[in-house]
Every structure is written in C-alpha cells, then in structure tokens.
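Accompanying notes for the structure given below.
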Amino acid sequence: MLLVTGGAGFIGSNVVAALNEAGLADVVVCDFLGEEGKWRNLAKRQLADVVPPTELMDWLQGRKLDAVIHMGAISETTATDGDLVIETNFRLSMRLLDWCTANNVRFIYASSAATYGEGDQGFVDDPSLDALKKLRPMNLYGWSKSLFDLAVAERVAKRAKMPPQWVGLKFFNVFGPNEYHKGTMMSVLAKRFDDVRAGRNVQLFKSHRDGIADGDQRRDFIYVDDVVRVIMWLLASPKVNGIFNVGTGKARSFKDLILSAYAALGAKPNIEYIDMPEQIRGSYQYFTQATVDRLQGAGYNGGFTPLEDAVGAYVKDFLDQPDRYR
C-alpha cells in the first residue's frame, strides 16, 4: 500500500495516475477535496481510501505501508497565515517523518526551489546542514519548506535513525495537467491559454532591470510528467537518499513559454507587456535554474522534456481538449 499526501492536488494526482498506470491500485490519498473541484483530478483513478489530513495520524496507527509520497502542503507563495502554514507544511511533515522512521517506511517528500530565495547563494542542491542554513527564502511558503529540509539534514548530520529511504525533492516551476484548481498559483501557460486560443492579447510583465528584455524573465520550467518520472524512478531505487533539485537545468523565458503555446496551435503571437506591480518589483525573481548534477549522479537518466515539446503535449493533449484532466 502506498500513501500519497496531497494526492488530489496538482503533482500528487499525477503521481497517483502514474501508480495506477503501473498497475498499482492499493493507493491511499490524503487530502482535503474542498469545493474547488479537486475531486476531478482523481475522477479517473482507482483508490483504496481518501483520508482527510486532520485524520491522517489516527488512520496510520497499525497500518503497513510500502512508502509515503508526501506532496501535501499549502503551496501558495502568497500565503500569510504563519500558524497554518507551519502546522501544515512543517509539523505534519515532522510527524510523518517520525512515523516512517519508527515503522521502517520509505519517505519521499516535496521540498521546493522557493527555499533558494533570491538565488544569491545559487541553485545548487547541497544537502549539508551548513549549506541549507545559508539559504534565505523570500516568502512564508519557502521558509516552511526550508525549515523541514533543515530538520532532515540535522538528523542526518547527527546520524540519527532515518526511514530506510528518505528523499527531498526541490521542485522548480512545474506545469501540466490537473493544475486548474490552483487559481493564481497556476502556471502562466494555464492561466493565459484561453486568451492564446481566442486570439486575445496575452499580458506578460515588462522588465524593470537593465539588460533584461520585457518577457525575458527566466524560470526553470519543468513538465509534470518529468517530475513524476523522477518519483517513479525513486520508488524503483530504494537505496537512493538525499535532497535533490528537480528541474530541467535550462532556464527559459516567459516569452518562450507563451510563444510555444502559439506554435502548438499554429496561431500568430499577440503579446502585450505591462508594468509589474510596484509591490512585487523588489522581491521578483528574474532567474531560476536548477543544477541537476546530483540527481543524475545518483543514477537518474530519464532526461527532461524540452520546453517546446512539453508545451505542445500539454496544449494538444489537455488544454485544447474538452476534458483537460488526466
């Protein structure tokens, strides 16, 4: 039996789909379904149970699991309720880590590239306690993820008992099917696709830094299928432990992302550049790019989908279909 926390969410539901497609039906999802239509992310799936996070620790008592894939979190970079974010992203993660350690269960969890903050320390996934202490996240979400990475690294440094497999994954800018419930946290591609298809102009931010063109702010965009491929590889590689970046290793611009959507539809680009709101100009990241040497050095050779191919697949297989769900 496998437990996927956040299994009705974006990445989690894609993991559940991959597990089902691999012939695994004994999958339990831990999530709040809420009223945003998250259930649609699981409508095509076979599940053993759906457990609310508030009941999870009681549900775990006496259970035998093969692995916990912990994707559940408050992932909004604009979140402001510190108590709720820490309870959800840090304290629940600590309880799951303790449970997996005590019960000898493999533990794969979602960290985030948001832990790197401005990126002035680079984007190198050095898992040492000293390196992690130097990171300065720019928002509450990133800090909560960094706090848990530090707790994991502290235990490793002290040679404390750990689960038989423990892996933290620092996801960069993931996009793909089943992200539609995320509202403002959806990828720019998902938010702007209807405009692209209808021929309306697509608004992107102007640059407010010298030497960087409008729309040339860059991110390490990674298709969710690539993320899932990494997780499935880890499930098949129980001796791999550590904290790893999960990105393509190639930063691309927001302009590239939107132009790829136009190309997938065979449509003429229509992009308008607008001023970035003043309140976010001081904290806006102009560049993120994962180093993936450690992941590849650990044995991962699944590769990463080029941006144009990933956008083409997302558009043609999901966004431009009557049913956008996986």
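Labels for the structure tokens follow display order: chains A, B, ..., residues from 1 in each chain, ligands from 1.
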
Give the strand (DSSP E or B) residues of segment 48-121 of chain A, as assigned by DSSP on the backbone, as a ChimeraX atom specification.
/A:49-51,67-70,106-112

Go ahead and save the picked residues with C-alpha atoms, as a short mmCIF file (atom, residue, chain, number, x, y, z; two decimals), in the first residue's frame.
```cif
data_model
loop_
_atom_site.label_atom_id
_atom_site.label_comp_id
_atom_site.auth_asym_id
_atom_site.auth_seq_id
_atom_site.Cartn_x
_atom_site.Cartn_y
_atom_site.Cartn_z
CA ASP A 49 -9.12 5.26 0.53
CA VAL A 50 -9.28 9.06 0.76
CA VAL A 51 -8.24 10.37 4.18
CA ALA A 67 6.07 4.15 1.03
CA VAL A 68 4.77 7.61 1.87
CA ILE A 69 4.93 10.10 -1.00
CA HIS A 70 4.41 13.39 0.81
CA ARG A 106 10.21 4.81 2.79
CA PHE A 107 9.62 8.58 2.72
CA ILE A 108 9.72 10.82 -0.36
CA TYR A 109 8.71 14.41 0.20
CA ALA A 110 8.25 17.66 -1.71
CA SER A 111 10.62 20.47 -0.91
CA SER A 112 10.76 23.49 -3.21
#
```

Contacts of Tyr141 of chain A within 8 Å, only C-alpha atoms, excl. fewer than 5 positions in-chain, as a compact mmCIF listing (two decimals) with C-alpha atoms, in the first residue's frame:
```
# COMPACT_ATOMS: atom_id res chain seq x y z
CA ILE A 74 -0.01 24.88 1.45
CA SER A 75 1.90 25.84 -1.69
CA GLU A 76 0.78 29.43 -2.25
CA THR A 77 3.82 31.68 -2.30
CA THR A 78 1.47 34.49 -1.19
CA ALA A 79 0.25 32.65 1.94
CA VAL A 85 1.47 27.10 7.09
CA ALA A 114 11.41 28.53 -3.14
```

Neighbours of segment 233-238 of chain A within 9 Å (only C-alpha atoms; same-chain residues fewer than 3 positions away dropped), as an MDAnalysis selection string?
chainID A and resid 67 106 108 164:167 228:230 241 299:300 302

For a test of reading the model, state the distance in Å between atom CA of Ser207 of chain A and atom CA of Asp275 of chain A, rounded to one decimal.
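So the two atoms, atom CA of Ser207 of chain A and atom CA of Asp275 of chain A, lie 7.9 Å apart.
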
Which residue, A:Val16, A:Lys206, A:Lys134, A:Gly215, has the smallest gap to Gly119 of chain A when you use only C-alpha atoms?
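Selected residue with least distance to Gly119 of chain A: A:Lys134.
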
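Take the candidates A:Ser128, A:Asn89, A:Asn14, A:Asn20 and check each one against Ile243 of chain A using only C-alpha atoms; the shortest distance goes to A:Ser128.
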
For Tyr286 of chain A, which residue among A:Gly168, A:Gly62, A:Pro322, A:Gly211 is the nearest when counting only C-alpha atoms?
A:Gly211

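Taking atom CA of Glu154 of chain A as the reference point, atom CA of Ala298 of chain A is found at 21.3 Å.
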
Tell me, as an MDAnalysis selection string, which residues lie within 10 Å of Gly183 of chain A, counting only C-alpha atoms; anything in the same chain fewer than 4 positions away does not count.
chainID A and resid 36 76 179 187 190:191

Once you have the residues from the selection above, write them out as a PDB file, in the first residue's frame, restricted to N, CA and C atoms.
```pdb
ATOM      1  N   GLU A  36     -13.143  23.349  -4.718  1.00  0.00           N
ATOM      2  CA  GLU A  36     -12.541  23.895  -5.931  1.00  0.00           C
ATOM      3  C   GLU A  36     -12.531  22.901  -7.085  1.00  0.00           C
ATOM      4  N   GLU A  76       0.890  28.062  -1.753  1.00  0.00           N
ATOM      5  CA  GLU A  76       0.779  29.427  -2.247  1.00  0.00           C
ATOM      6  C   GLU A  76       1.954  30.262  -1.756  1.00  0.00           C
ATOM      7  N   GLU A 179      -3.617  21.183 -12.828  1.00  0.00           N
ATOM      8  CA  GLU A 179      -3.243  22.337 -12.008  1.00  0.00           C
ATOM      9  C   GLU A 179      -4.359  23.369 -11.930  1.00  0.00           C
ATOM     10  N   SER A 187       0.228  27.775 -13.493  1.00  0.00           N
ATOM     11  CA  SER A 187       1.275  28.262 -14.381  1.00  0.00           C
ATOM     12  C   SER A 187       0.726  29.372 -15.270  1.00  0.00           C
ATOM     13  N   ALA A 190      -1.255  27.919 -18.194  1.00  0.00           N
ATOM     14  CA  ALA A 190      -2.640  27.529 -17.924  1.00  0.00           C
ATOM     15  C   ALA A 190      -3.539  28.750 -17.760  1.00  0.00           C
ATOM     16  N   LYS A 191      -3.023  29.784 -17.085  1.00  0.00           N
ATOM     17  CA  LYS A 191      -3.827  30.987 -16.866  1.00  0.00           C
ATOM     18  C   LYS A 191      -4.122  31.735 -18.162  1.00  0.00           C
TER      19      LYS A 191
END
```

Restricting the calculation to only C-alpha atoms, which member of A:Thr288, A:Ser144, A:Gln46, A:Asn41 is positioned closest to Leu19 of chain A?
A:Gln46

Hey, what's within 8 Å of Glu308 of chain A if we count only C-alpha atoms and toss same-chain stuff fewer than 2 positions away? As number ranges by chain, please?
A: 257, 260, 306, 310-312

Spatial neighbours of Gly122 of chain A, 10 Å, only C-alpha atoms, chain gap at least 2 places, as a PDB file with C-alpha atoms, in the first residue's frame:
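Full text of result.pdb as output:
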```pdb
ATOM      1  CA  TYR A 116      16.619  29.286  -2.529  1.00  0.00           C
ATOM      2  CA  GLY A 117      15.002  32.704  -2.198  1.00  0.00           C
ATOM      3  CA  GLU A 118      16.585  35.352  -4.418  1.00  0.00           C
ATOM      4  CA  GLY A 119      19.131  32.787  -5.579  1.00  0.00           C
ATOM      5  CA  ASP A 120      22.123  34.782  -4.376  1.00  0.00           C
ATOM      6  CA  VAL A 124      22.952  24.080  -6.030  1.00  0.00           C
ATOM      7  CA  ASP A 125      21.252  21.283  -4.099  1.00  0.00           C
ATOM      8  CA  LEU A 135      19.541  29.904   2.253  1.00  0.00           C
ATOM      9  CA  THR A 288      15.924  30.362 -11.590  1.00  0.00           C
ATOM     10  CA  GLN A 289      17.784  27.359 -12.939  1.00  0.00           C
ATOM     11  CA  ALA A 290      18.293  24.015 -11.269  1.00  0.00           C
ATOM     12  CA  THR A 291      21.567  22.210 -11.127  1.00  0.00           C
TER      13      THR A 291
END
```

Name all residues at most 9 Å from Leu147 of chain A (count only C-alpha atoms; drop same-chain ones fewer than 4 positions away) and give them as number ranges by chain.
A: 90, 115, 142-143, 151-152

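Considering the residues A:Phe123, A:Thr248, A:Arg326, A:Phe205 and counting only C-alpha atoms, Trp39 of chain A has its shortest atom-to-atom contact with A:Arg326.
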
Judged by only C-alpha atoms, the minimum distance to Leu259 of chain A among A:Arg40, A:Arg192, A:Lys64, A:Arg219 is found for A:Arg192

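Computed from the coordinates, the atom CA of Pro52 of chain A to atom CA of Asp323 of chain A distance equals 26.7 Å.
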
Among segment 124-259 of chain A, which residues carry a DSSP assignment of alpha helix (DSSP H), reported as a ChimeraX atom specification?
/A:129-133,140-157,188-198,224-235,254-259
